[in-house]
Each structure stands twice: as structure tokens, then as C-alpha cells.
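Participant: Quick one: structure below, then a few questions.
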Amino acid sequence: MPDTALSPAPEACAGFPIEEALCEIVSNDAVNAEYRLMIARAPEAALRARAGQFFHLLCPATEAGQPFLRRPMSIYRIDPARGEIGFLYKVTGKGTRGLATLRPGEMLNALGPLGRGFTLPADTRHVMILGRGVGLATMAPLARLAAESGAAVTAVLSARSPELVMSRGELEAAGARVIEVVDTDGSSAPEEMEPRLAALHAERAFDYIATCGSNRLFRLARGLARSWGIPGEIALEQHMGCGLGMCYACVIPVALPGGGEEYRRVCWDGPVFTLEEAKGW
Amino acid sequence: MVTNSAPDLSVRIGSLTLKNPVMPASGTIAEGMTQVIDMGRLGAIVLKTITPDLRQGTLPPRVAEYRDATLFSIGIPSKGPDYLLEHTLPAYAACDAPLVASVSADTAEDFGKLAAYISDPRIAAIEANISCPNLKADGRAFGMDPEATREVLERMVAATRIPVWAKLTPNVGDITVFARVAEEAGCEAVIVGNAILGMAVDAEAMRPRLGNVMGGLTGPAVKPILLRMVHQCAKAVQIPVIGCGGITGGEDAVEYMLAGATAVQVGTANFIRPHTMTEAVDWIADYCTRHGLSAAREITGALRPLHAPATAPTETV
Ligand SMILES: Cc1cc2nc3c(=O)[nH]c(=O)nc-3n(C[C@H](O)[C@H](O)[C@H](O)COP(=O)(O)OP(=O)(O)OC[C@H]3O[C@@H](n4cnc5c(N)ncnc54)[C@H](O)[C@@H]3O)c2cc1C
Ligand SMILES: Cc1cc2nc3c(=O)[nH]c(=O)nc-3n(C[C@H](O)[C@H](O)[C@H](O)COP(=O)(O)O)c2cc1C
Ligand code: FES
């Protein structure tokens with residue numbers, strides 16, 4: 001399979017930008033019935049994480065035993081001033097249940113920062129973020145990145161019900177305008193969202209879209225990006241072995257410009273891909 | 001005779017001298033590792049298996065966790081030999097360690113041709129991956145048939161002046177038969193061995209966990225089996241045996257060496273603790289010092305009998 005020119009240039013035996021960072025837990029509390037926010041004091045290398053990158057976490061043992069592999073988690077908060085990083089995670093299985101047991105003062109082993117994050121084009125002025133569920137964790141640092149580079153951000157948060165909408169505060173703190181859509185009143189349906197988003201675009205044109213967490217949102221985002229002629233990106237997930245581009249476990253098919261498709265590694269070539277490369281799932 | 005100087009960690013694998021006995025197992029490191037550890041500290045750097053043709057590999061999901069082990073079904077996603085020569089070798093040029101290529105092919109002829117094609121001075125040895133489960137043939141591989149093994153290895157040895165190492169599969173009845181075939185074919189070492197063919201099922205979903213149904217079982221759970229096979233092979237052949245399977249640190253490496261291995265390869269542990277290999281090098285040095293050994297090669301085969309030979313039981317189990 002031909003390689004991708006997107007892989008980071010190898011700096012063989014030069015510096016070691018990726019570290020097994022030992023981070024002291026500051027807090028690890030439930031934000032709602034399903035999600036927890038974990039804040040940890042992180043060393044220098046980890047604080048260089050960029051929006052869309054992730055860490056591969058060694059999860060503590062529970063009564064079900066030691067989770068054997070690490071678990072990938074997007075960087076949700078990067079706070080160099082306080083020397084802290086944060087993860088927003090859904091407790092689902094053995095690994096995330098183990099993460100939920102971490103108490104302040106305990107140590108978390110986080111390998112990273114890993115992967116290719118979002119690449120905001122230089123002259124971006126208005127960013128649209130479309131996120132749902134776990135995907136929202138990935139979006140908060142993007143809103144900060146956009147704000148820092150002088151772009152306005154409109155974030156549309158989708159959830160099953162109003163109580164499950166997350167990250168509103170984090171996104172607003174980053175300067176984003178936040179719009180909530182939910183399944184319970186039908187506002188999250190793509191046919192409802194599309195005219196609303198088109199109206200926002202007419203008001204103040206978007207020039208970049210970022211999405212993740214839902215196939216429906218991906219299709220909506222790609223459709224809008226195509227009709228408005230603007231670039232967009234999506235953060236994808238796949239089961240991982242190493243997180244370092246070594247095992248080829250985490251591949252997903254991407255569409256090639258000339259037609260056809262090939263596998264790329266979510267951990268190394270992604271997790272962020274362009275809307276045109278990404279395929280629905 | 002405890003010496004004060006640092007122990008000599010170097011080991012000889014046929015015509016090569018490695019500065020220490022620790023190297024990665026094929027397919028478990030890539031350029032990404034150079035961003036985490038100093039790979040120049042390793043005895044050798046074994047690269048991912050390549051095939052003559054371009055291959056995509058198997059359908060995802062490709063990994064399932066299973067207690068102290070993982071099941072991977074990756075296939076051999078291969079970018080072909082030109083990519084190896086033009087991109088992969090330069091990526092490690094700054095690392096002060098010999099590079100070992102690994103090859104696989106559909107026919108014995110193609111194994112030979114590929115070995116000839118990549119015979120490049122930057123490559124110190126070529127591993128024959130005859131042991132990768134050929135999932136299309138219901139898990140059978142060249143390495144499950146002594147005659148197919150012989151043909152592949154003889155062709156490779158004839159095709160290149162670079163030392164050939166044979167990586168054996170544990171998915172056979174008597175692995176020593178294959179170790180002897182490798183020695184007779186002119187290989188300079190055998191690696192014992194590859195992953196154990198396995199399968200994982202999701203009971204709730206009533207489906208296999210891997211896109212490819214079957215996969216290779218790797219990680220600590222396989223160590224006792226591979227350790228036993230290394231022990232048997234080391235007694236069966238004169239060429240060095242390289243132990244591989246479930247190594248998570250220096251202590252596991254030393255166990256393999258005591259059982260007869262001259263060197264070791266670390267696979268799955270690289271995914272979980274990327275510093276496993278470099279820490280193992282330090283651990284072995286410390287072990288030598290603690291045991292009054294002036295050289296790591298003294299560990300090889302130094303397993304002491306539990307019982308005097310006359311009283312040793314004759315049953316195997
Ligand atoms: C790049 C990336 C970023 C992610 N960021 C976040 C985040 O910020 N917040 C969050 O809550 N979740 C995130 N996820 C998903 C998260 O990794 C999984 O929910 C987690 O691994 C589940 O582990 P578990 O042991 O609790 O669950 P189990 O279901 O018991 O896991 C079993 C195995 O499957 C893997 N697995 C299960 N679900 C996923 C998944 N969706 N993606 C990848 N592997 C999976 C696990 O890693 C583990 O190896 C991200 C995934 C990726 C790939
Ligand atoms: C993700 C993965 C990919 C592998 N790819 C190859 C390969 O390309 N060639 C090969 O000879 N062995 C391959 N192997 C097998 C390993 O080299 C090694 O023999 C096996 O994993 C056992 O060692 P371990 O228990 O330390 O992992 C692979 C193993 C894993 C886990
Ligand atoms: S998880 Fe190993 S290559 Fe991506």
C-alpha cells in the first residue's frame with residue numbers, strides 16, 4: 001500500500017517529542033451520568049499537545065483486572081499556564097472504569113501527545129464546529145486554537161437530550177457561540193439543522209468546518225462544505241494497539257483523490273482527516 | 001570472579017556481533033518509536049515484514065484485548081521492497097544499530113527473489129517470515145510444512161550474501177524439526193517464534209471480535225509456550241536461537257537466555273511500555289553484575305538442573 005505523504009517526517013534518533021508522561025491527578029469528577037472530567041498536572045512535553053491530538057492512557061486495574069492495552073483519549077483541555085491537561089471521557093468498559101477510579105494525587109501514565117491534529121487554514125475567519133457525544137471532547141481545544149488565531153467560532157452541540165449536552169462552558173470560555181440541538185425535540189435531525197446552518201452561513205460566512213462523533217453530522221458537514229466550497233476536517237476513532245503508528249491495527253479506509261481507497265492509520269496519519277478523505281461508517 | 005567493569009553485553013548471531021541481545025520483533029515498531037526512545041541503544045532493529053507486492057492487510061477491527069494477551073490480525077500491509085529501500089532504511093540511518101529486514105511472499109521463488117532484490121549494504125540480516133499465519137489458507141503457512149520451509153530458506157540463502165534468519169511458527173507439533181531444517185538450509189539463526197494462532201468471540205454480539213476471525217495471540221500469556229520451544233530448539237541446533245514471545249522486561253529476556261536463547265525480540269510490550277527494550281538492556285547489565293557475570297553471553301543456556309540427572313523424571317508432563 002503506498003504511504004501517505006501526511007505522516008510526520010521521521011526524526012530518527014533525534015529528539016523525543018513523544019513521552020510517557022507521568023501526570024498527577026488534580027481532579028476526576030462526574031460531569032453527568034455518563035461522562036467524567038479528569039484534570040492532571042502534566043510535564044512540559046504533554047503540554048505541547050495540539051487540538052485534535054490524543055494521549056494513549058495506561059488505565060488502572062479494577063476488580064475486572066488490568067486493562068492490557070492503553071486507551072486513546074483526545075486532549076480536552078491544554079492549560080500551559082497551570083501546567084494541566086484534561087480529558088473528558090465516557091465510562092464504557094474496563095479501561096474507562098479503571099480511569100474513573102483515579103483519585104487526586106494518584107498518577108496517570110499518558111503516552112503522547114500523539115497523532116495529527118486539526119490544521120486550521122491560515123486565514124480562517126469563521127469556524128463551524130459540529131460535535132456530538134464523546135466527539136465534543138476533541139472540539140474544545142480547536143475552539144481555543146481558532147480564537148487564538150483570530151477566528152470566530154460557532155459550535156453546534158448535538159446530544160440525545162438537553163441534560164447530556166456537554167462542553168458548553170468550555171467552548172464558551174474559549175469564545176465560541178454555542179447552539180444546542182437535541183434528539184428529544186427533533187432539532188438534531190440533519191434536515192432541521194441544515195436550513196439553520198445555512199442561515200448562519202448567510203449571516204456570516206463560514207470558511208472551515210470541523211466535526212466528529214456522528215456519521216449523520218459527518219454527512220451534513222461534508223455536504224455543507226462542498227456546497228459552500230470550504231475545507232473541513234473530521235476526527236475519527238478506531239480500536240488501537242500502539243497509538244504510535246507501529247502495529248497497523250487502527251486503520252480506516254480513506255477515499256483517494258483519483259478514486260479508489262486505501263487504509264490509513266488513525267493514530268498516526270490521523271485522528272484528524274479531511275472531510276473529502278473520510279468515508280461514512 | 002566479580003568484576004568492577006561494566007559487563008560486556010555483546011552477543012554473536014552467526015557472522016554478526018550485536019552490542020546487546022535486545023531487539024524489537026518484526027511488525028511491532030516503526031519510525032514512530034524513534035520519537036519515543038533511542039533506538040540506537042538496541043542490539044538490532046528488526047523491521048516490519050515486506051512482501052514483493054503491495055498489500056492492504058486484513059479487515060478491521062484488527063486488535064482484540066484478551067487478559068494478559070492480545071489477538072492481532074493485521075496481515076502484512078506492505079508497501080513493497082522499493083519503499084523499504086527508499087524510505088524505511090533512511091528513516092533509521094541515524095540510529096546506531098544494525099537493521100534487519102523481514103520478508104514474506106506467496107511462493108518459495110518469490111522469497112528468494114525478494115531477498116536478492118533487497119540485498120543492500122544497509123541491511124545486516126534478513127528474516128524469513130515463514131511463520132506468519134496465512135489466514136487465507138485457513139491459518140496454514142510455509143512454516144507448518146518442513147519441506148516448504150526448506151525450499152523457502154534454501155532459496156533465500158542461495159539468493160543473497162546477507163545472513164538469513166528463519167522465524168519459526170509455534171503452530172506446529174515439533175518445532176525442533178523446523179529449527180534443524182533452518183540450520184541445514186544455511187540460516188545463521190532461528191527466531192522462536194511468531195504468534196500463536198487464536199480467535200476471540202464477543203458473546204453478547206454473537207460475533208468474532210476480529211474482522212479476520214482468526215488472529216495471532218501475543219503478549220505475556222504466550223511466554224511459557226515459547227520459552228519451552230526455545231529450550232527445545234537450543235538443544236536441537238548449533239546456530240543461535242533468538243527468543244520471542246511475551247517479553248515485558250529484562251527478567252523475561254534473561255529467562256529466555258537461561259533457557260538457551262542468545263538474544264531476544266520484544267513485540268507487544270512495545271505498544272504498552274515503549275521503554276521496555278531500552279530498560280531491558282539496563283536490567284540485563286544489572287543482572288550480570290548481580291550474578292558476577294562479566295558478559296551477557298554467559299547467561300545463554302546457563303539454566304541449572306533442578307535435580308541431579310540420575311533422579312530427573314522421564315515423563316514430559
Ligand atoms: C483518537 C481517539 C480519541 C478518543 N477520545 C475520546 C475522548 O476524548 N473521550 C471518550 O470518552 N472517548 C474517546 N475515545 C474513545 C475511547 O478510546 C474508548 O471509549 C475507550 O477506549 C473504551 O475503553 P473501555 O475499556 O472503557 O471500553 P471497552 O469497550 O471495554 O474496550 C475494549 C477495547 O476496545 C477499544 N475501544 C472501544 N471503543 C472504542 C472507540 N470508540 N475507539 C477506539 N477504541 C475503542 C478499547 O480501547 C479497548 O481496547 C477516543 C478514541 C480514539 C481512537
Ligand atoms: C501488531 C503485530 C504485527 C506483527 N507483524 C509481524 C510481521 O510483520 N512479521 C513477523 O514476522 N511477525 C510479526 N508479528 C509477530 C511478532 O514479531 C512476534 O513474533 C509476536 O508478537 C510475539 O511476540 P510478543 O509476545 O512479544 O508480542 C506481529 C505481531 C504483532 C502484535
Ligand atoms: S494503533 Fe498501532 S498503528 Fe495505530
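Each chain of the C-alpha cells is named A, B, ... in the order shown, its residues numbered from 1; ligands are numbered from 1 in display order.
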I'd like the contact shell of A:Ala51 - 7 Å cut-off, only C-alpha atoms, skipping same-chain residues fewer than 2 positions apart - returned as JSON, numbers by chain.

Facilitator: {"A": [49, 53, 117, 118, 141, 142]}

Participant: At a cut-off of 7 Å around ligand 2, and using only C-alpha atoms and all ligand atoms, what residues come up? Please write them as a PyMOL selection string.

Facilitator: (chain A and resi 247-249) or (chain B and resi 25-28+48-49+72+74+76+102+129+131-132+167+193-195+218-220+222-223+244-247+265-269)

Participant: With distances taken over only C-alpha atoms, which of B:Gly40, B:Pro305, B:Gly249, B:Pro81 is nearest to chain A?

Facilitator: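 Using only C-alpha atoms, chain A sits closest to B:Gly40.
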
Participant: Can you pull out every residue within 10 Å of B:Tyr256, counting only C-alpha atoms, but drop anything in the same chain fewer than 6 positions away, and send it as a short mmCIF file (atom, residue, chain, number, x, y, z; two decimals) with C-alpha atoms, in the first residue's frame?

Facilitator:
```
data_model
loop_
_atom_site.label_atom_id
_atom_site.label_comp_id
_atom_site.auth_asym_id
_atom_site.auth_seq_id
_atom_site.Cartn_x
_atom_site.Cartn_y
_atom_site.Cartn_z
CA LYS B 223 5.61 -16.76 27.21
CA PRO B 224 5.62 -20.22 28.84
CA LEU B 226 7.60 -20.02 23.55
CA LEU B 227 10.08 -20.40 26.41
CA ARG B 228 9.63 -24.16 26.25
CA VAL B 230 13.27 -22.02 22.73
CA HIS B 231 14.64 -24.52 25.22
CA VAL B 241 18.20 -19.19 18.90
CA ILE B 242 16.51 -15.81 19.31
CA GLY B 243 13.68 -15.98 21.83
CA CYS B 244 10.43 -14.14 21.22
CA GLY B 245 7.05 -14.22 22.89
CA ILE B 247 8.74 -10.46 26.86
CA GLY B 250 14.79 -7.70 31.32
CA THR B 262 21.36 -16.00 22.52
CA ALA B 263 19.22 -12.89 22.02
CA VAL B 264 15.59 -11.84 22.35
CA ILE B 299 23.62 -16.33 30.53
CA THR B 300 22.77 -18.32 27.40
CA GLY B 301 21.93 -21.88 28.37
CA LEU B 303 19.92 -22.91 33.32
#
```

Participant: Choose the residue, out of A:Glu170, A:Glu34, A:Glu194, A:Asp29, that has the smallest atom-to-atom separation from ligand 1; count only C-alpha atoms and all ligand atoms.

Facilitator: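 So, comparing all the options, the nearest one is A:Glu34.
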
Participant: Would you list the residues that come within 7 Å of ligand 3? Count only C-alpha atoms and all ligand atoms and give the answer as an NGL selection string.

Facilitator: :A and (240-251 or 265-268)

Participant: Please produce a file of the residues just selected, as a CSV table (one decimal), in the first residue's frame, where the atoms kept are all heavy atoms.

Facilitator:
```
chain,number,residue,atom,x,y,z
A,240,MET,N,-7.3,0.6,18.9
A,240,MET,CA,-5.8,0.8,18.7
A,240,MET,C,-5.0,-0.2,19.4
A,240,MET,O,-5.4,-0.8,20.5
A,240,MET,CB,-5.4,2.2,19.2
A,240,MET,CG,-5.9,3.3,18.3
A,240,MET,SD,-5.3,4.9,18.8
A,240,MET,CE,-6.0,5.9,17.5
A,241,GLY,N,-3.8,-0.5,18.9
A,241,GLY,CA,-2.9,-1.3,19.6
A,241,GLY,C,-1.8,-0.4,20.3
A,241,GLY,O,-1.8,-0.3,21.5
A,242,CYS,N,-1.1,0.3,19.4
A,242,CYS,CA,0.1,1.0,19.9
A,242,CYS,C,-0.1,2.5,20.1
A,242,CYS,O,0.5,3.2,20.9
A,242,CYS,CB,1.3,0.8,19.1
A,242,CYS,SG,1.1,1.4,17.4
A,243,GLY,N,-0.9,3.1,19.2
A,243,GLY,CA,-1.0,4.6,19.2
A,243,GLY,C,0.2,5.3,18.5
A,243,GLY,O,0.2,6.5,18.5
A,244,LEU,N,1.2,4.6,18.1
A,244,LEU,CA,2.4,5.2,17.6
A,244,LEU,C,2.7,4.9,16.1
A,244,LEU,O,3.8,5.0,15.7
A,244,LEU,CB,3.6,4.7,18.4
A,244,LEU,CG,3.8,5.3,19.8
A,244,LEU,CD1,4.8,4.5,20.6
A,244,LEU,CD2,4.3,6.7,19.7
A,245,GLY,N,1.7,4.4,15.5
A,245,GLY,CA,1.8,4.1,14.0
A,245,GLY,C,2.6,2.8,13.8
A,245,GLY,O,3.1,2.7,12.6
A,246,MET,N,2.7,1.9,14.7
A,246,MET,CA,3.6,0.8,14.6
A,246,MET,C,2.9,-0.5,14.3
A,246,MET,O,3.5,-1.4,13.6
A,246,MET,CB,4.4,0.6,15.9
A,246,MET,CG,5.1,1.9,16.3
A,246,MET,SD,6.4,1.7,17.6
A,246,MET,CE,5.4,1.0,18.9
A,247,CYS,N,1.7,-0.7,14.7
A,247,CYS,CA,1.1,-2.0,14.6
A,247,CYS,C,0.1,-2.1,13.5
A,247,CYS,O,-0.3,-3.2,13.2
A,247,CYS,CB,0.4,-2.4,16.0
A,247,CYS,SG,-1.1,-1.5,16.3
A,248,TYR,N,-0.3,-1.0,12.9
A,248,TYR,CA,-1.3,-1.1,11.8
A,248,TYR,C,-2.7,-1.7,12.3
A,248,TYR,O,-3.4,-2.2,11.4
A,248,TYR,CB,-0.8,-1.7,10.6
A,248,TYR,CG,0.3,-0.9,9.9
A,248,TYR,CD1,1.6,-0.9,10.3
A,248,TYR,CD2,-0.1,0.0,8.8
A,248,TYR,CE1,2.5,0.0,9.7
A,248,TYR,CE2,0.8,0.8,8.2
A,248,TYR,CZ,2.1,0.8,8.7
A,248,TYR,OH,3.0,1.6,8.1
A,249,ALA,N,-3.0,-1.6,13.5
A,249,ALA,CA,-4.3,-2.1,14.0
A,249,ALA,C,-5.4,-1.1,13.7
A,249,ALA,O,-6.5,-1.5,13.5
A,249,ALA,CB,-4.3,-2.4,15.5
A,250,CYS,N,-5.1,0.2,13.7
A,250,CYS,CA,-6.1,1.2,13.8
A,250,CYS,C,-6.5,1.8,12.4
A,250,CYS,O,-6.9,2.9,12.3
A,250,CYS,CB,-5.6,2.4,14.7
A,250,CYS,SG,-4.2,3.2,13.9
A,251,VAL,N,-6.4,1.0,11.4
A,251,VAL,CA,-6.6,1.5,10.1
A,251,VAL,C,-8.1,1.8,9.8
A,251,VAL,O,-9.0,1.1,10.3
A,251,VAL,CB,-6.0,0.6,9.0
A,251,VAL,CG1,-4.5,0.5,9.1
A,251,VAL,CG2,-6.7,-0.8,9.0
A,265,ARG,N,-3.7,4.9,9.1
A,265,ARG,CA,-3.7,4.7,10.5
A,265,ARG,C,-4.3,5.9,11.2
A,265,ARG,O,-3.8,7.0,11.1
A,265,ARG,CB,-2.2,4.5,11.0
A,265,ARG,CG,-1.6,3.2,10.5
A,265,ARG,CD,-0.1,3.3,10.6
A,265,ARG,NE,0.5,4.3,9.7
A,265,ARG,CZ,1.8,4.6,9.6
A,265,ARG,NH1,2.7,4.0,10.3
A,265,ARG,NH2,2.2,5.5,8.8
A,266,VAL,N,-5.3,5.6,12.0
A,266,VAL,CA,-6.0,6.7,12.7
A,266,VAL,C,-5.0,7.3,13.7
A,266,VAL,O,-5.0,8.5,13.9
A,266,VAL,CB,-7.3,6.2,13.5
A,266,VAL,CG1,-7.8,7.2,14.5
A,266,VAL,CG2,-8.4,5.8,12.5
A,267,CYS,N,-4.1,6.5,14.3
A,267,CYS,CA,-3.3,7.1,15.3
A,267,CYS,C,-2.1,7.9,14.8
A,267,CYS,O,-1.6,8.8,15.5
A,267,CYS,CB,-2.7,5.9,16.2
A,267,CYS,SG,-1.4,5.0,15.4
A,268,TRP,N,-1.7,7.7,13.6
A,268,TRP,CA,-0.5,8.3,13.1
A,268,TRP,C,-0.8,9.3,11.9
A,268,TRP,O,-0.3,10.4,11.8
A,268,TRP,CB,0.5,7.2,12.7
A,268,TRP,CG,1.9,7.7,12.5
A,268,TRP,CD1,2.6,7.9,11.4
A,268,TRP,CD2,2.8,8.2,13.6
A,268,TRP,NE1,3.9,8.3,11.7
A,268,TRP,CE2,4.0,8.5,13.0
A,268,TRP,CE3,2.6,8.2,15.0
A,268,TRP,CZ2,5.1,9.0,13.8
A,268,TRP,CZ3,3.7,8.7,15.7
A,268,TRP,CH2,4.9,9.1,15.1
```

Participant: Taking only C-alpha atoms and all ligand atoms into account, report as a ChimeraX atom specification which residues have an atom no farther than 7 Å from an atom of ligand 1.

Facilitator: /A:54,67,69-76,87-97,134-135,137-138,236-240,266-267,271 /B:64-65

Participant: To one decimal place in Å, what is the distance between atom CA of A:Glu20 and atom CA of A:Ala42?

Facilitator: 10.6 Å

Participant: Give me, as an MDAnalysis selection string, the contact residues of chain B against chain A at a cut-off of 6 Å, counting only C-alpha atoms.

Facilitator: chainID B and resid 28:30 32 34:36 38 54:56 62:63 78:79 91:92 94:95 271

Participant: Quick one, how far is atom CA of A:Met193 from atom CA of A:Glu180?

Facilitator: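 Interatomic distance, atom CA of A:Met193 to atom CA of A:Glu180: 10.5 Å.
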
Participant: Show me, as an NGL selection string, the residues that have an atom within 9 Å of B:Val103 when counting only C-alpha atoms, minus same-chain residues fewer than 5 positions from it.

Facilitator: :B and (48-52 or 111 or 114-115 or 126-130)

Participant: Mind the document's chain letters and residue numbers, and return as a ChimeraX atom specification the residues of stretch 73-275 of chain B that DSSP labels strand (DSSP E).

Facilitator: /B:99-103,123-129,164-168,189-192,196-199,201-202,207-208,214-218,241-244,263-266

Participant: If you keep N, CA and C atoms, can you produce a file of those selected residues as a short mmCIF file (atom, residue, chain, number, x, y, z; two decimals), in the first residue's frame?

Facilitator:
```cif
data_model
loop_
_atom_site.label_atom_id
_atom_site.label_comp_id
_atom_site.auth_asym_id
_atom_site.auth_seq_id
_atom_site.Cartn_x
_atom_site.Cartn_y
_atom_site.Cartn_z
N LEU B 99 20.34 -2.96 10.98
CA LEU B 99 18.95 -3.11 10.56
C LEU B 99 18.73 -4.51 10.00
N VAL B 100 17.64 -5.12 10.44
CA VAL B 100 17.28 -6.46 9.98
C VAL B 100 15.97 -6.35 9.23
N ALA B 101 15.96 -6.75 7.96
CA ALA B 101 14.73 -6.72 7.18
C ALA B 101 13.98 -8.03 7.41
N SER B 102 12.71 -8.04 7.06
CA SER B 102 11.91 -9.26 7.17
C SER B 102 11.10 -9.39 5.90
N VAL B 103 11.11 -10.59 5.32
CA VAL B 103 10.40 -10.78 4.05
C VAL B 103 9.40 -11.93 4.12
N ILE B 123 21.49 -3.37 5.07
CA ILE B 123 20.75 -4.42 5.77
C ILE B 123 21.74 -5.46 6.29
N ALA B 124 21.69 -5.71 7.60
CA ALA B 124 22.66 -6.61 8.24
C ALA B 124 22.22 -8.06 8.22
N ALA B 125 20.92 -8.30 8.18
CA ALA B 125 20.39 -9.67 8.13
C ALA B 125 18.98 -9.61 7.58
N ILE B 126 18.52 -10.74 7.07
CA ILE B 126 17.15 -10.80 6.55
C ILE B 126 16.41 -11.93 7.26
N GLU B 127 15.31 -11.59 7.88
CA GLU B 127 14.46 -12.60 8.50
C GLU B 127 13.51 -13.16 7.46
N ALA B 128 13.33 -14.48 7.49
CA ALA B 128 12.32 -15.10 6.65
C ALA B 128 11.08 -15.27 7.50
N ASN B 129 10.03 -14.52 7.16
CA ASN B 129 8.78 -14.68 7.90
C ASN B 129 7.95 -15.76 7.22
N VAL B 164 20.77 -14.97 6.61
CA VAL B 164 19.33 -15.22 6.67
C VAL B 164 18.98 -15.82 8.03
N TRP B 165 17.98 -15.24 8.68
CA TRP B 165 17.45 -15.78 9.93
C TRP B 165 16.05 -16.32 9.64
N ALA B 166 15.73 -17.47 10.20
CA ALA B 166 14.40 -18.06 9.97
C ALA B 166 13.53 -17.82 11.19
N LYS B 167 12.37 -17.20 10.97
CA LYS B 167 11.45 -17.00 12.09
C LYS B 167 10.41 -18.11 12.06
N LEU B 168 10.48 -18.98 13.05
CA LEU B 168 9.64 -20.18 13.05
C LEU B 168 8.26 -19.89 13.65
N ALA B 189 20.56 -18.08 12.09
CA ALA B 189 19.84 -18.05 13.38
C ALA B 189 18.39 -18.45 13.15
N VAL B 190 17.74 -18.88 14.23
CA VAL B 190 16.29 -19.07 14.18
C VAL B 190 15.66 -18.17 15.25
N ILE B 191 14.52 -17.61 14.90
CA ILE B 191 13.73 -16.87 15.89
C ILE B 191 12.59 -17.78 16.31
N VAL B 192 12.43 -17.96 17.61
CA VAL B 192 11.38 -18.84 18.13
C VAL B 192 10.57 -18.00 19.12
N ILE B 196 0.92 -17.19 18.18
CA ILE B 196 0.14 -18.43 18.22
C ILE B 196 -1.24 -18.14 17.64
N LEU B 197 -1.65 -18.98 16.70
CA LEU B 197 -2.92 -18.73 16.02
C LEU B 197 -4.08 -18.85 17.02
N GLY B 198 -4.93 -17.84 17.05
CA GLY B 198 -6.04 -17.84 18.00
C GLY B 198 -7.28 -17.18 17.44
N MET B 199 -8.24 -16.96 18.33
CA MET B 199 -9.54 -16.42 17.91
C MET B 199 -10.21 -15.79 19.13
N VAL B 201 -14.11 -14.21 20.54
CA VAL B 201 -15.54 -14.11 20.24
C VAL B 201 -16.20 -13.14 21.21
N ASP B 202 -17.08 -12.31 20.70
CA ASP B 202 -17.89 -11.42 21.52
C ASP B 202 -19.21 -12.13 21.78
N ARG B 207 -20.58 -12.46 17.70
CA ARG B 207 -19.75 -12.27 16.51
C ARG B 207 -18.28 -12.45 16.88
N PRO B 208 -17.43 -12.73 15.88
CA PRO B 208 -15.99 -12.72 16.16
C PRO B 208 -15.56 -11.30 16.47
N MET B 214 -9.73 -15.07 12.71
CA MET B 214 -8.55 -15.59 13.42
C MET B 214 -7.46 -14.52 13.50
N GLY B 215 -6.61 -14.66 14.49
CA GLY B 215 -5.51 -13.71 14.62
C GLY B 215 -4.36 -14.33 15.40
N GLY B 216 -3.30 -13.58 15.59
CA GLY B 216 -2.13 -14.08 16.31
C GLY B 216 -2.19 -13.67 17.77
N LEU B 217 -2.09 -14.65 18.66
CA LEU B 217 -2.07 -14.38 20.10
C LEU B 217 -0.64 -14.01 20.50
N THR B 218 -0.50 -12.85 21.15
CA THR B 218 0.82 -12.37 21.57
C THR B 218 0.71 -11.79 22.97
N VAL B 241 19.65 -19.29 18.82
CA VAL B 241 18.20 -19.19 18.90
C VAL B 241 17.86 -17.82 19.48
N ILE B 242 16.97 -17.11 18.82
CA ILE B 242 16.51 -15.81 19.31
C ILE B 242 15.11 -16.01 19.88
N GLY B 243 14.96 -15.73 21.16
CA GLY B 243 13.68 -15.98 21.83
C GLY B 243 12.72 -14.84 21.63
N CYS B 244 11.44 -15.18 21.43
CA CYS B 244 10.43 -14.14 21.22
C CYS B 244 9.06 -14.65 21.64
N ALA B 263 19.76 -14.26 22.03
CA ALA B 263 19.22 -12.89 22.02
C ALA B 263 17.71 -12.99 22.12
N VAL B 264 17.05 -11.83 22.22
CA VAL B 264 15.59 -11.84 22.35
C VAL B 264 14.97 -10.75 21.50
N GLN B 265 13.69 -10.96 21.19
CA GLN B 265 12.91 -9.94 20.49
C GLN B 265 11.69 -9.60 21.33
N VAL B 266 11.38 -8.31 21.36
CA VAL B 266 10.25 -7.79 22.14
C VAL B 266 9.18 -7.30 21.17
#
```

Participant: As number ranges by chain, which residues of stretch 34-277 of chain A does DSSP assign to helix (DSSP H, G or I)?

Facilitator: A: 44-47, 94-100, 133-148, 162-164, 168-173, 190-203, 215-228
